[in-house]
Amino acid sequence: MSDNQLRLGVNIDHVATVRNARGGAYPDPLRAAKLAEEAGADGITAHLREDRRHISDADIDGLMEVLSVPLNFEMAATPEMQKIALRHKPHAVCIVPEKREERTTEGGLEVAREENKLAHFIAPLREAGCRVSIFIAADKRQIEAAHRIGAEVIELHTGAYCDAMAEGHMDAANRELEALREMSSFAHSLGLEVHAGHGLTYDTVQPIAAFPEVRELNIGHFLIGEAIFRGLTPAIAEMRRLMDEARA
Ligand code: PXP
């Protein structure tokens, strides 16, 4: 992969959401992950939530077994999740904030206030060889704190930008985009690898994909929804095409 190429991580959580709606075995997130791999995903992302509302422990066991591309394991900073991550040693661990009552991961992690605790939390994960990524807002304080605690990667939360776009609030969307642009560049200048994600669609992906410092996008909900209409392989192929076009 060239230095300029942008990786696409496909998040398969919501295949599990549909499966769990009936409590059976299908649709199977592992089958979706393998198909995503064949369709050109550079990695698979899965979030094992504390309440197991979508991805299950067995899904993570299965993904570790069947994937040929790296697994980006999203998790909250809890002792239970740390133990699971240390057992599997996935390629990457992305630490995300988690509240039971939220529908999705609503904001970035508060790193600055929890610096000591998080530094201790991620140290064993790094020693185990996992690339540790911290999911944060485009906020200088949080980025500096993520750098100080020893994270190698930050993932910038694109949710506020995508929400503003969806609501047609172009001024707000442009402000969010500008903050994401500035903070990608700032994080890169500190030596952090920059990823981005949350809420991205065909309509919102290109301005983010065009930031030269961004190395990876993690996209799930929209792609799984779009797969209903076009199939997973074409849905991913179109995202890949838009990313490459923006990058060029
Ligand atoms: N990145 C992170 C850290 C996330 O928590 C999520 C949602 O689980 C995503 C990316 C993907 O977001 P979406 O499903 O909205 O594309």
# chains A, B, ... in the order shown; residues from 1 in each chain; ligands from 1
$ residues_near_ligand --ligand "ligand 1" --cutoff "10 Å" --atoms "only C-alpha atoms and all ligand atoms" --output "PDB file with N, CA and C atoms, in the first residue's frame"
ATOM      1  N   GLY A   9     -11.575   0.644   7.020  1.00  0.00           N
ATOM      2  CA  GLY A   9     -11.956  -0.366   8.011  1.00  0.00           C
ATOM      3  C   GLY A   9     -13.477  -0.480   7.993  1.00  0.00           C
ATOM      4  N   VAL A  10     -13.974  -1.673   7.764  1.00  0.00           N
ATOM      5  CA  VAL A  10     -15.429  -1.858   7.721  1.00  0.00           C
ATOM      6  C   VAL A  10     -15.906  -2.371   9.081  1.00  0.00           C
ATOM      7  N   ASN A  11     -16.821  -1.601   9.653  1.00  0.00           N
ATOM      8  CA  ASN A  11     -17.370  -1.956  10.966  1.00  0.00           C
ATOM      9  C   ASN A  11     -18.615  -2.825  10.756  1.00  0.00           C
ATOM     10  N   ILE A  12     -18.594  -4.017  11.321  1.00  0.00           N
ATOM     11  CA  ILE A  12     -19.676  -4.990  11.074  1.00  0.00           C
ATOM     12  C   ILE A  12     -20.652  -5.110  12.246  1.00  0.00           C
ATOM     13  N   ASP A  13     -20.581  -4.182  13.188  1.00  0.00           N
ATOM     14  CA  ASP A  13     -21.448  -4.269  14.379  1.00  0.00           C
ATOM     15  C   ASP A  13     -22.918  -4.473  14.033  1.00  0.00           C
ATOM     16  N   HIS A  14     -23.367  -3.749  12.996  1.00  0.00           N
ATOM     17  CA  HIS A  14     -24.817  -3.737  12.785  1.00  0.00           C
ATOM     18  C   HIS A  14     -25.339  -4.930  11.996  1.00  0.00           C
ATOM     19  N   THR A  45     -13.587  -3.731  11.766  1.00  0.00           N
ATOM     20  CA  THR A  45     -13.759  -3.124  13.080  1.00  0.00           C
ATOM     21  C   THR A  45     -14.979  -3.738  13.757  1.00  0.00           C
ATOM     22  N   ALA A  46     -14.834  -4.025  15.048  1.00  0.00           N
ATOM     23  CA  ALA A  46     -15.974  -4.551  15.806  1.00  0.00           C
ATOM     24  C   ALA A  46     -15.904  -3.988  17.220  1.00  0.00           C
ATOM     25  N   HIS A  47     -17.045  -3.573  17.725  1.00  0.00           N
ATOM     26  CA  HIS A  47     -17.117  -2.976  19.067  1.00  0.00           C
ATOM     27  C   HIS A  47     -17.839  -3.948  19.994  1.00  0.00           C
ATOM     28  N   LEU A  48     -17.102  -4.495  20.932  1.00  0.00           N
ATOM     29  CA  LEU A  48     -17.714  -5.369  21.941  1.00  0.00           C
ATOM     30  C   LEU A  48     -18.201  -4.473  23.072  1.00  0.00           C
ATOM     31  N   ARG A  49     -19.495  -4.215  23.077  1.00  0.00           N
ATOM     32  CA  ARG A  49     -20.037  -3.330  24.110  1.00  0.00           C
ATOM     33  C   ARG A  49     -20.260  -4.091  25.405  1.00  0.00           C
ATOM     34  N   ASN A  72      -9.644  -4.398  14.207  1.00  0.00           N
ATOM     35  CA  ASN A  72      -9.607  -3.224  15.074  1.00  0.00           C
ATOM     36  C   ASN A  72     -10.694  -3.452  16.119  1.00  0.00           C
ATOM     37  N   PHE A  73     -10.264  -3.746  17.328  1.00  0.00           N
ATOM     38  CA  PHE A  73     -11.184  -4.121  18.406  1.00  0.00           C
ATOM     39  C   PHE A  73     -11.535  -2.864  19.206  1.00  0.00           C
ATOM     40  N   GLU A  74     -12.793  -2.446  19.086  1.00  0.00           N
ATOM     41  CA  GLU A  74     -13.235  -1.256  19.827  1.00  0.00           C
ATOM     42  C   GLU A  74     -13.766  -1.676  21.178  1.00  0.00           C
ATOM     43  N   MET A  75     -13.389  -0.931  22.192  1.00  0.00           N
ATOM     44  CA  MET A  75     -13.817  -1.291  23.547  1.00  0.00           C
ATOM     45  C   MET A  75     -13.738  -0.100  24.494  1.00  0.00           C
ATOM     46  N   ALA A  76     -14.498  -0.199  25.562  1.00  0.00           N
ATOM     47  CA  ALA A  76     -14.423   0.804  26.626  1.00  0.00           C
ATOM     48  C   ALA A  76     -13.216   0.484  27.511  1.00  0.00           C
ATOM     49  N   VAL A  93      -6.410  -1.856  19.063  1.00  0.00           N
ATOM     50  CA  VAL A  93      -7.462  -1.668  20.062  1.00  0.00           C
ATOM     51  C   VAL A  93      -7.823  -0.194  20.033  1.00  0.00           C
ATOM     52  N   CYS A  94      -9.099   0.085  19.844  1.00  0.00           N
ATOM     53  CA  CYS A  94      -9.545   1.481  19.848  1.00  0.00           C
ATOM     54  C   CYS A  94     -10.379   1.709  21.101  1.00  0.00           C
ATOM     55  N   ILE A  95      -9.902   2.624  21.934  1.00  0.00           N
ATOM     56  CA  ILE A  95     -10.603   2.889  23.197  1.00  0.00           C
ATOM     57  C   ILE A  95     -11.669   3.951  22.952  1.00  0.00           C
ATOM     58  N   VAL A  96     -12.899   3.583  23.279  1.00  0.00           N
ATOM     59  CA  VAL A  96     -14.022   4.497  23.035  1.00  0.00           C
ATOM     60  C   VAL A  96     -14.780   4.739  24.338  1.00  0.00           C
ATOM     61  N   PRO A  97     -15.444   5.893  24.444  1.00  0.00           N
ATOM     62  CA  PRO A  97     -16.282   6.112  25.622  1.00  0.00           C
ATOM     63  C   PRO A  97     -17.544   5.269  25.458  1.00  0.00           C
ATOM     64  N   GLU A  98     -18.142   4.884  26.542  1.00  0.00           N
ATOM     65  CA  GLU A  98     -19.341   4.046  26.423  1.00  0.00           C
ATOM     66  C   GLU A  98     -20.312   4.351  27.547  1.00  0.00           C
ATOM     67  N   THR A 104     -25.547   5.211  20.285  1.00  0.00           N
ATOM     68  CA  THR A 104     -24.265   4.958  19.623  1.00  0.00           C
ATOM     69  C   THR A 104     -23.206   5.750  20.376  1.00  0.00           C
ATOM     70  N   THR A 105     -21.948   5.629  19.966  1.00  0.00           N
ATOM     71  CA  THR A 105     -20.873   6.315  20.678  1.00  0.00           C
ATOM     72  C   THR A 105     -20.984   7.811  20.394  1.00  0.00           C
ATOM     73  N   GLU A 106     -21.498   8.547  21.387  1.00  0.00           N
ATOM     74  CA  GLU A 106     -21.913   9.921  21.101  1.00  0.00           C
ATOM     75  C   GLU A 106     -20.794  10.953  21.058  1.00  0.00           C
ATOM     76  N   GLY A 107     -19.783  10.764  21.834  1.00  0.00           N
ATOM     77  CA  GLY A 107     -18.721  11.774  21.815  1.00  0.00           C
ATOM     78  C   GLY A 107     -17.375  11.086  21.854  1.00  0.00           C
ATOM     79  N   GLY A 108     -16.327  11.903  21.918  1.00  0.00           N
ATOM     80  CA  GLY A 108     -14.997  11.331  22.027  1.00  0.00           C
ATOM     81  C   GLY A 108     -14.673  11.027  23.488  1.00  0.00           C
ATOM     82  N   LEU A 109     -13.569  10.337  23.666  1.00  0.00           N
ATOM     83  CA  LEU A 109     -13.142   9.977  25.017  1.00  0.00           C
ATOM     84  C   LEU A 109     -12.573  11.207  25.721  1.00  0.00           C
ATOM     85  N   SER A 133      -5.391   2.947  19.805  1.00  0.00           N
ATOM     86  CA  SER A 133      -5.998   4.122  19.208  1.00  0.00           C
ATOM     87  C   SER A 133      -7.009   4.694  20.195  1.00  0.00           C
ATOM     88  N   ILE A 134      -7.128   6.017  20.207  1.00  0.00           N
ATOM     89  CA  ILE A 134      -8.056   6.661  21.138  1.00  0.00           C
ATOM     90  C   ILE A 134      -9.065   7.454  20.310  1.00  0.00           C
ATOM     91  N   PHE A 135     -10.335   7.190  20.565  1.00  0.00           N
ATOM     92  CA  PHE A 135     -11.411   7.836  19.798  1.00  0.00           C
ATOM     93  C   PHE A 135     -11.746   9.168  20.465  1.00  0.00           C
ATOM     94  N   ILE A 136     -11.428  10.275  19.782  1.00  0.00           N
ATOM     95  CA  ILE A 136     -11.604  11.584  20.423  1.00  0.00           C
ATOM     96  C   ILE A 136     -12.195  12.637  19.487  1.00  0.00           C
ATOM     97  N   ILE A 154      -4.790   8.238  16.909  1.00  0.00           N
ATOM     98  CA  ILE A 154      -6.067   8.786  17.379  1.00  0.00           C
ATOM     99  C   ILE A 154      -7.073   8.601  16.254  1.00  0.00           C
ATOM    100  N   GLU A 155      -8.319   8.371  16.654  1.00  0.00           N
ATOM    101  CA  GLU A 155      -9.394   8.355  15.659  1.00  0.00           C
ATOM    102  C   GLU A 155     -10.287   9.550  15.952  1.00  0.00           C
ATOM    103  N   LEU A 156     -10.409  10.432  14.972  1.00  0.00           N
ATOM    104  CA  LEU A 156     -11.226  11.639  15.161  1.00  0.00           C
ATOM    105  C   LEU A 156     -12.698  11.323  14.915  1.00  0.00           C
ATOM    106  N   HIS A 157     -13.534  11.785  15.822  1.00  0.00           N
ATOM    107  CA  HIS A 157     -14.984  11.540  15.772  1.00  0.00           C
ATOM    108  C   HIS A 157     -15.596  12.482  14.728  1.00  0.00           C
ATOM    109  N   THR A 158     -16.138  11.905  13.655  1.00  0.00           N
ATOM    110  CA  THR A 158     -16.701  12.734  12.582  1.00  0.00           C
ATOM    111  C   THR A 158     -18.217  12.903  12.726  1.00  0.00           C
ATOM    112  N   GLY A 159     -18.783  12.443  13.849  1.00  0.00           N
ATOM    113  CA  GLY A 159     -20.240  12.450  14.029  1.00  0.00           C
ATOM    114  C   GLY A 159     -20.871  13.832  13.950  1.00  0.00           C
ATOM    115  N   CYS A 162     -20.998  14.968  10.358  1.00  0.00           N
ATOM    116  CA  CYS A 162     -21.993  14.216   9.576  1.00  0.00           C
ATOM    117  C   CYS A 162     -23.415  14.622   9.968  1.00  0.00           C
ATOM    118  N   HIS A 195      -6.739   8.510  12.289  1.00  0.00           N
ATOM    119  CA  HIS A 195      -7.874   7.817  11.682  1.00  0.00           C
ATOM    120  C   HIS A 195      -9.104   8.687  11.912  1.00  0.00           C
ATOM    121  N   ALA A 196     -10.188   8.348  11.221  1.00  0.00           N
ATOM    122  CA  ALA A 196     -11.425   9.108  11.439  1.00  0.00           C
ATOM    123  C   ALA A 196     -12.611   8.200  11.196  1.00  0.00           C
ATOM    124  N   GLY A 197     -13.726   8.543  11.811  1.00  0.00           N
ATOM    125  CA  GLY A 197     -14.934   7.763  11.579  1.00  0.00           C
ATOM    126  C   GLY A 197     -16.081   8.179  12.460  1.00  0.00           C
ATOM    127  N   HIS A 198     -17.206   7.670  12.127  1.00  0.00           N
ATOM    128  CA  HIS A 198     -18.519   7.779  12.763  1.00  0.00           C
ATOM    129  C   HIS A 198     -19.476   8.572  11.887  1.00  0.00           C
ATOM    130  N   GLY A 199     -20.503   7.885  11.455  1.00  0.00           N
ATOM    131  CA  GLY A 199     -21.579   8.518  10.698  1.00  0.00           C
ATOM    132  C   GLY A 199     -21.256   8.800   9.240  1.00  0.00           C
ATOM    133  N   LEU A 200     -20.098   8.347   8.753  1.00  0.00           N
ATOM    134  CA  LEU A 200     -19.715   8.686   7.371  1.00  0.00           C
ATOM    135  C   LEU A 200     -20.606   7.969   6.356  1.00  0.00           C
ATOM    136  N   THR A 201     -20.923   8.684   5.277  1.00  0.00           N
ATOM    137  CA  THR A 201     -21.772   8.178   4.191  1.00  0.00           C
ATOM    138  C   THR A 201     -21.111   8.541   2.861  1.00  0.00           C
ATOM    139  N   LEU A 217     -10.158   5.222   7.535  1.00  0.00           N
ATOM    140  CA  LEU A 217     -11.528   5.572   7.902  1.00  0.00           C
ATOM    141  C   LEU A 217     -12.220   4.304   8.370  1.00  0.00           C
ATOM    142  N   ASN A 218     -12.990   4.412   9.447  1.00  0.00           N
ATOM    143  CA  ASN A 218     -13.777   3.278   9.922  1.00  0.00           C
ATOM    144  C   ASN A 218     -15.247   3.593   9.722  1.00  0.00           C
ATOM    145  N   ILE A 219     -15.896   2.752   8.918  1.00  0.00           N
ATOM    146  CA  ILE A 219     -17.263   3.039   8.496  1.00  0.00           C
ATOM    147  C   ILE A 219     -18.118   1.782   8.655  1.00  0.00           C
ATOM    148  N   GLY A 220     -19.282   1.959   9.285  1.00  0.00           N
ATOM    149  CA  GLY A 220     -20.130   0.791   9.524  1.00  0.00           C
ATOM    150  C   GLY A 220     -21.584   0.968   9.183  1.00  0.00           C
ATOM    151  N   HIS A 221     -22.289   1.732   9.996  1.00  0.00           N
ATOM    152  CA  HIS A 221     -23.752   1.771   9.944  1.00  0.00           C
ATOM    153  C   HIS A 221     -24.276   2.049   8.535  1.00  0.00           C
ATOM    154  N   PHE A 222     -23.734   3.061   7.884  1.00  0.00           N
ATOM    155  CA  PHE A 222     -24.214   3.404   6.541  1.00  0.00           C
ATOM    156  C   PHE A 222     -23.986   2.251   5.555  1.00  0.00           C
ATOM    157  N   LEU A 223     -22.810   1.638   5.625  1.00  0.00           N
ATOM    158  CA  LEU A 223     -22.492   0.565   4.670  1.00  0.00           C
ATOM    159  C   LEU A 223     -23.399  -0.643   4.853  1.00  0.00           C
ATOM    160  N   ILE A 224     -23.681  -0.981   6.097  1.00  0.00           N
ATOM    161  CA  ILE A 224     -24.535  -2.146   6.350  1.00  0.00           C
ATOM    162  C   ILE A 224     -25.961  -1.830   5.879  1.00  0.00           C
ATOM    163  N   GLY A 225     -26.399  -0.592   6.081  1.00  0.00           N
ATOM    164  CA  GLY A 225     -27.710  -0.181   5.587  1.00  0.00           C
ATOM    165  C   GLY A 225     -27.754  -0.201   4.067  1.00  0.00           C
TER     166      GLY A 225
END
$ residues_around --residues "Ala92 (chain A)" --least-positions-apart "5" --cutoff "6 Å" --atoms "only C-alpha atoms" --output "count of residues only"
4
$ closest_residue --among "A:Val15, A:Val205, A:Leu71, A:Leu8" --to "Gly40 (chain A)" --atoms "only C-alpha atoms"
A:Leu8
$ closest_residue --among "A:Ala33, A:Gly24, A:Arg19, A:Arg103" --to "Asp51 (chain A)" --atoms "only C-alpha atoms"
A:Arg103
$ select_by_dssp --residues "region 23-199 of chain A" --states "helix (DSSP H, G or I)" --output "ChimeraX atom specification"
/A:29-38,57-66,79-88,112-127,140-148,159-166,170-189
$ residues_around --residues "Ala119 (chain A)" --least-positions-apart "2" --cutoff "10 Å" --atoms "only C-alpha atoms" --output "PyMOL selection string"
chain A and resi 111+114-117+121-124+145-146+148-151
$ write_last_selection --atoms "all heavy atoms" --output "tab-separated table (two decimals), in the first residue's frame"
chain	number	residue	atom	x	y	z
A	111	VAL	N	-9.90	12.24	27.54
A	111	VAL	CA	-8.55	11.73	27.85
A	111	VAL	C	-7.86	12.66	28.84
A	111	VAL	O	-7.19	12.21	29.77
A	111	VAL	CB	-7.65	11.65	26.59
A	111	VAL	CG1	-6.44	10.76	26.85
A	111	VAL	CG2	-8.42	11.13	25.40
A	114	GLU	N	-8.64	12.09	32.41
A	114	GLU	CA	-8.40	10.71	32.91
A	114	GLU	C	-7.00	10.24	32.51
A	114	GLU	O	-6.79	9.04	32.32
A	114	GLU	CB	-9.41	9.76	32.26
A	114	GLU	CG	-10.85	10.13	32.42
A	114	GLU	CD	-11.45	9.53	33.68
A	114	GLU	OE1	-10.78	8.68	34.30
A	114	GLU	OE2	-12.56	9.93	34.04
A	115	GLU	N	-6.10	11.21	32.39
A	115	GLU	CA	-4.81	10.89	31.77
A	115	GLU	C	-4.05	9.75	32.46
A	115	GLU	O	-3.60	8.80	31.80
A	115	GLU	CB	-3.97	12.17	31.75
A	115	GLU	CG	-3.00	12.17	30.62
A	115	GLU	CD	-2.33	13.52	30.45
A	115	GLU	OE1	-3.01	14.56	30.38
A	115	GLU	OE2	-1.09	13.51	30.39
A	116	ASN	N	-3.96	9.85	33.77
A	116	ASN	CA	-3.19	8.84	34.50
A	116	ASN	C	-3.79	7.46	34.39
A	116	ASN	O	-3.11	6.47	34.12
A	116	ASN	CB	-3.15	9.23	35.99
A	116	ASN	CG	-1.76	9.68	36.34
A	116	ASN	OD1	-0.80	9.31	35.66
A	116	ASN	ND2	-1.65	10.48	37.39
A	117	LYS	N	-5.11	7.45	34.60
A	117	LYS	CA	-5.84	6.18	34.56
A	117	LYS	C	-5.69	5.53	33.18
A	117	LYS	O	-5.41	4.34	33.07
A	117	LYS	CB	-7.31	6.48	34.87
A	117	LYS	CG	-8.13	5.28	35.17
A	117	LYS	CD	-9.55	5.66	35.56
A	117	LYS	CE	-10.49	4.71	34.85
A	117	LYS	NZ	-11.73	5.28	34.45
A	121	PHE	N	-3.99	2.12	31.84
A	121	PHE	CA	-4.88	1.17	31.18
A	121	PHE	C	-4.28	0.67	29.86
A	121	PHE	O	-4.35	-0.52	29.55
A	121	PHE	CB	-6.25	1.82	30.92
A	121	PHE	CG	-7.24	0.86	30.36
A	121	PHE	CD1	-7.95	0.01	31.20
A	121	PHE	CD2	-7.47	0.79	28.99
A	121	PHE	CE1	-8.86	-0.90	30.67
A	121	PHE	CE2	-8.38	-0.11	28.47
A	121	PHE	CZ	-9.08	-0.95	29.31
A	122	ILE	N	-3.69	1.59	29.09
A	122	ILE	CA	-3.22	1.16	27.76
A	122	ILE	C	-1.82	0.53	27.78
A	122	ILE	O	-1.46	-0.17	26.85
A	122	ILE	CB	-3.27	2.30	26.70
A	122	ILE	CG1	-2.25	3.40	26.98
A	122	ILE	CG2	-4.68	2.87	26.58
A	122	ILE	CD1	-2.12	4.40	25.82
A	123	ALA	N	-1.07	0.76	28.85
A	123	ALA	CA	0.32	0.26	28.88
A	123	ALA	C	0.39	-1.25	28.61
A	123	ALA	O	1.15	-1.68	27.73
A	123	ALA	CB	0.98	0.63	30.19
A	124	PRO	N	-0.39	-2.09	29.31
A	124	PRO	CA	-0.29	-3.54	29.02
A	124	PRO	C	-0.73	-3.91	27.61
A	124	PRO	O	-0.22	-4.87	27.02
A	124	PRO	CB	-1.22	-4.19	30.05
A	124	PRO	CG	-1.82	-3.12	30.84
A	124	PRO	CD	-1.29	-1.80	30.42
A	145	ALA	N	-3.25	15.11	25.16
A	145	ALA	CA	-3.31	14.12	26.24
A	145	ALA	C	-3.14	12.71	25.68
A	145	ALA	O	-2.43	11.88	26.26
A	145	ALA	CB	-4.63	14.25	27.00
A	146	ALA	N	-3.77	12.42	24.53
A	146	ALA	CA	-3.63	11.09	23.91
A	146	ALA	C	-2.16	10.83	23.57
A	146	ALA	O	-1.65	9.72	23.75
A	146	ALA	CB	-4.49	11.02	22.65
A	148	ARG	N	0.44	12.20	25.13
A	148	ARG	CA	1.20	12.03	26.38
A	148	ARG	C	1.03	10.64	26.99
A	148	ARG	O	1.95	10.11	27.59
A	148	ARG	CB	0.78	13.09	27.41
A	148	ARG	CG	1.41	14.46	27.19
A	148	ARG	CD	1.23	15.35	28.41
A	148	ARG	NE	-0.16	15.56	28.75
A	148	ARG	CZ	-0.90	16.57	28.30
A	148	ARG	NH1	-0.38	17.48	27.50
A	148	ARG	NH2	-2.17	16.68	28.65
A	149	ILE	N	-0.17	10.05	26.84
A	149	ILE	CA	-0.36	8.74	27.49
A	149	ILE	C	0.26	7.60	26.67
A	149	ILE	O	0.26	6.46	27.10
A	149	ILE	CB	-1.85	8.42	27.78
A	149	ILE	CG1	-2.66	8.27	26.48
A	149	ILE	CG2	-2.46	9.47	28.70
A	149	ILE	CD1	-4.07	7.74	26.71
A	150	GLY	N	0.77	7.92	25.47
A	150	GLY	CA	1.49	6.90	24.71
A	150	GLY	C	0.67	6.21	23.64
A	150	GLY	O	1.08	5.16	23.14
A	151	ALA	N	-0.49	6.79	23.27
A	151	ALA	CA	-1.25	6.20	22.16
A	151	ALA	C	-0.47	6.41	20.88
A	151	ALA	O	0.23	7.41	20.72
A	151	ALA	CB	-2.61	6.87	22.05
$ residues_around --residues "Leu242 (chain A)" --least-positions-apart "5" --cutoff "9 Å" --atoms "only C-alpha atoms" --output "PyMOL selection string"
chain A and resi 202+205-206+209+237+247
$ write_last_selection --atoms "C-alpha atoms" --output "tab-separated table (two decimals), in the first residue's frame"
chain	number	residue	atom	x	y	z
A	202	TYR	CA	-21.23	8.56	0.45
A	205	VAL	CA	-16.77	10.82	3.14
A	206	GLN	CA	-14.86	12.75	0.50
A	209	ALA	CA	-10.80	11.31	2.82
A	237	ALA	CA	-16.73	-0.89	-3.60
A	247	ARG	CA	-7.47	11.09	-2.33
$ select_by_dssp --residues "region 1-247 of chain A" --states "strand (DSSP E or B)" --output "ChimeraX atom specification"
/A:7-11,43-47,71-75,92-95,131-136,153-157,193-197,214-219
$ atom_distance --atom1 "CA of Gly23 (chain A)" --atom2 "CA of Glu80 (chain A)"
23.7 Å
$ decode --residues "region 133-203 of chain A" --atoms "C-alpha atoms" --output "PDB file, in the first residue's frame"
ATOM      1  CA  SER A 133      -5.998   4.122  19.208  1.00  0.00           C
ATOM      2  CA  ILE A 134      -8.056   6.661  21.138  1.00  0.00           C
ATOM      3  CA  PHE A 135     -11.411   7.836  19.798  1.00  0.00           C
ATOM      4  CA  ILE A 136     -11.604  11.584  20.423  1.00  0.00           C
ATOM      5  CA  ALA A 137     -13.191  14.830  19.365  1.00  0.00           C
ATOM      6  CA  ALA A 138     -11.206  17.294  17.244  1.00  0.00           C
ATOM      7  CA  ASP A 139      -9.922  19.024  20.353  1.00  0.00           C
ATOM      8  CA  LYS A 140      -6.302  20.033  20.877  1.00  0.00           C
ATOM      9  CA  ARG A 141      -6.348  19.278  24.611  1.00  0.00           C
ATOM     10  CA  GLN A 142      -7.549  15.742  24.040  1.00  0.00           C
ATOM     11  CA  ILE A 143      -5.040  15.122  21.260  1.00  0.00           C
ATOM     12  CA  GLU A 144      -2.149  16.343  23.403  1.00  0.00           C
ATOM     13  CA  ALA A 145      -3.314  14.119  26.244  1.00  0.00           C
ATOM     14  CA  ALA A 146      -3.635  11.093  23.907  1.00  0.00           C
ATOM     15  CA  HIS A 147      -0.069  11.730  22.790  1.00  0.00           C
ATOM     16  CA  ARG A 148       1.201  12.029  26.383  1.00  0.00           C
ATOM     17  CA  ILE A 149      -0.363   8.741  27.486  1.00  0.00           C
ATOM     18  CA  GLY A 150       1.493   6.899  24.712  1.00  0.00           C
ATOM     19  CA  ALA A 151      -1.249   6.200  22.165  1.00  0.00           C
ATOM     20  CA  GLU A 152       0.099   5.602  18.665  1.00  0.00           C
ATOM     21  CA  VAL A 153      -3.126   6.452  16.901  1.00  0.00           C
ATOM     22  CA  ILE A 154      -6.067   8.786  17.379  1.00  0.00           C
ATOM     23  CA  GLU A 155      -9.394   8.355  15.659  1.00  0.00           C
ATOM     24  CA  LEU A 156     -11.226  11.639  15.161  1.00  0.00           C
ATOM     25  CA  HIS A 157     -14.984  11.540  15.772  1.00  0.00           C
ATOM     26  CA  THR A 158     -16.701  12.734  12.582  1.00  0.00           C
ATOM     27  CA  GLY A 159     -20.240  12.450  14.029  1.00  0.00           C
ATOM     28  CA  ALA A 160     -20.869  16.169  14.589  1.00  0.00           C
ATOM     29  CA  TYR A 161     -19.774  16.980  11.012  1.00  0.00           C
ATOM     30  CA  CYS A 162     -21.993  14.216   9.576  1.00  0.00           C
ATOM     31  CA  ASP A 163     -24.995  15.255  11.703  1.00  0.00           C
ATOM     32  CA  ALA A 164     -24.653  18.885  10.595  1.00  0.00           C
ATOM     33  CA  MET A 165     -24.483  17.744   6.952  1.00  0.00           C
ATOM     34  CA  ALA A 166     -27.548  15.519   7.348  1.00  0.00           C
ATOM     35  CA  GLU A 167     -29.513  18.397   8.845  1.00  0.00           C
ATOM     36  CA  GLY A 168     -28.410  20.781   6.093  1.00  0.00           C
ATOM     37  CA  HIS A 169     -26.588  23.081   8.531  1.00  0.00           C
ATOM     38  CA  MET A 170     -23.784  23.943   6.182  1.00  0.00           C
ATOM     39  CA  ASP A 171     -22.132  26.596   8.350  1.00  0.00           C
ATOM     40  CA  ALA A 172     -21.888  24.186  11.248  1.00  0.00           C
ATOM     41  CA  ALA A 173     -20.711  21.389   8.941  1.00  0.00           C
ATOM     42  CA  ASN A 174     -17.970  23.626   7.564  1.00  0.00           C
ATOM     43  CA  ARG A 175     -16.889  24.618  11.066  1.00  0.00           C
ATOM     44  CA  GLU A 176     -16.687  20.955  12.094  1.00  0.00           C
ATOM     45  CA  LEU A 177     -14.789  20.106   8.936  1.00  0.00           C
ATOM     46  CA  GLU A 178     -12.303  22.906   9.549  1.00  0.00           C
ATOM     47  CA  ALA A 179     -11.710  21.696  13.114  1.00  0.00           C
ATOM     48  CA  LEU A 180     -11.185  18.129  11.834  1.00  0.00           C
ATOM     49  CA  ARG A 181      -8.754  19.407   9.201  1.00  0.00           C
ATOM     50  CA  GLU A 182      -6.727  21.457  11.675  1.00  0.00           C
ATOM     51  CA  MET A 183      -6.655  18.738  14.289  1.00  0.00           C
ATOM     52  CA  SER A 184      -5.623  16.006  11.805  1.00  0.00           C
ATOM     53  CA  SER A 185      -2.697  18.132  10.884  1.00  0.00           C
ATOM     54  CA  PHE A 186      -1.896  18.951  14.527  1.00  0.00           C
ATOM     55  CA  ALA A 187      -2.054  15.282  15.589  1.00  0.00           C
ATOM     56  CA  HIS A 188       0.138  14.293  12.659  1.00  0.00           C
ATOM     57  CA  SER A 189       2.703  16.923  13.676  1.00  0.00           C
ATOM     58  CA  LEU A 190       2.952  15.210  17.086  1.00  0.00           C
ATOM     59  CA  GLY A 191       3.728  11.905  15.356  1.00  0.00           C
ATOM     60  CA  LEU A 192       0.308  10.359  15.908  1.00  0.00           C
ATOM     61  CA  GLU A 193      -1.305   8.296  13.158  1.00  0.00           C
ATOM     62  CA  VAL A 194      -4.682   9.801  12.345  1.00  0.00           C
ATOM     63  CA  HIS A 195      -7.874   7.817  11.682  1.00  0.00           C
ATOM     64  CA  ALA A 196     -11.425   9.108  11.439  1.00  0.00           C
ATOM     65  CA  GLY A 197     -14.934   7.763  11.579  1.00  0.00           C
ATOM     66  CA  HIS A 198     -18.519   7.779  12.763  1.00  0.00           C
ATOM     67  CA  GLY A 199     -21.579   8.518  10.698  1.00  0.00           C
ATOM     68  CA  LEU A 200     -19.715   8.686   7.371  1.00  0.00           C
ATOM     69  CA  THR A 201     -21.772   8.178   4.191  1.00  0.00           C
ATOM     70  CA  TYR A 202     -21.229   8.555   0.449  1.00  0.00           C
ATOM     71  CA  ASP A 203     -22.217  12.220   0.892  1.00  0.00           C
TER      72      ASP A 203
END
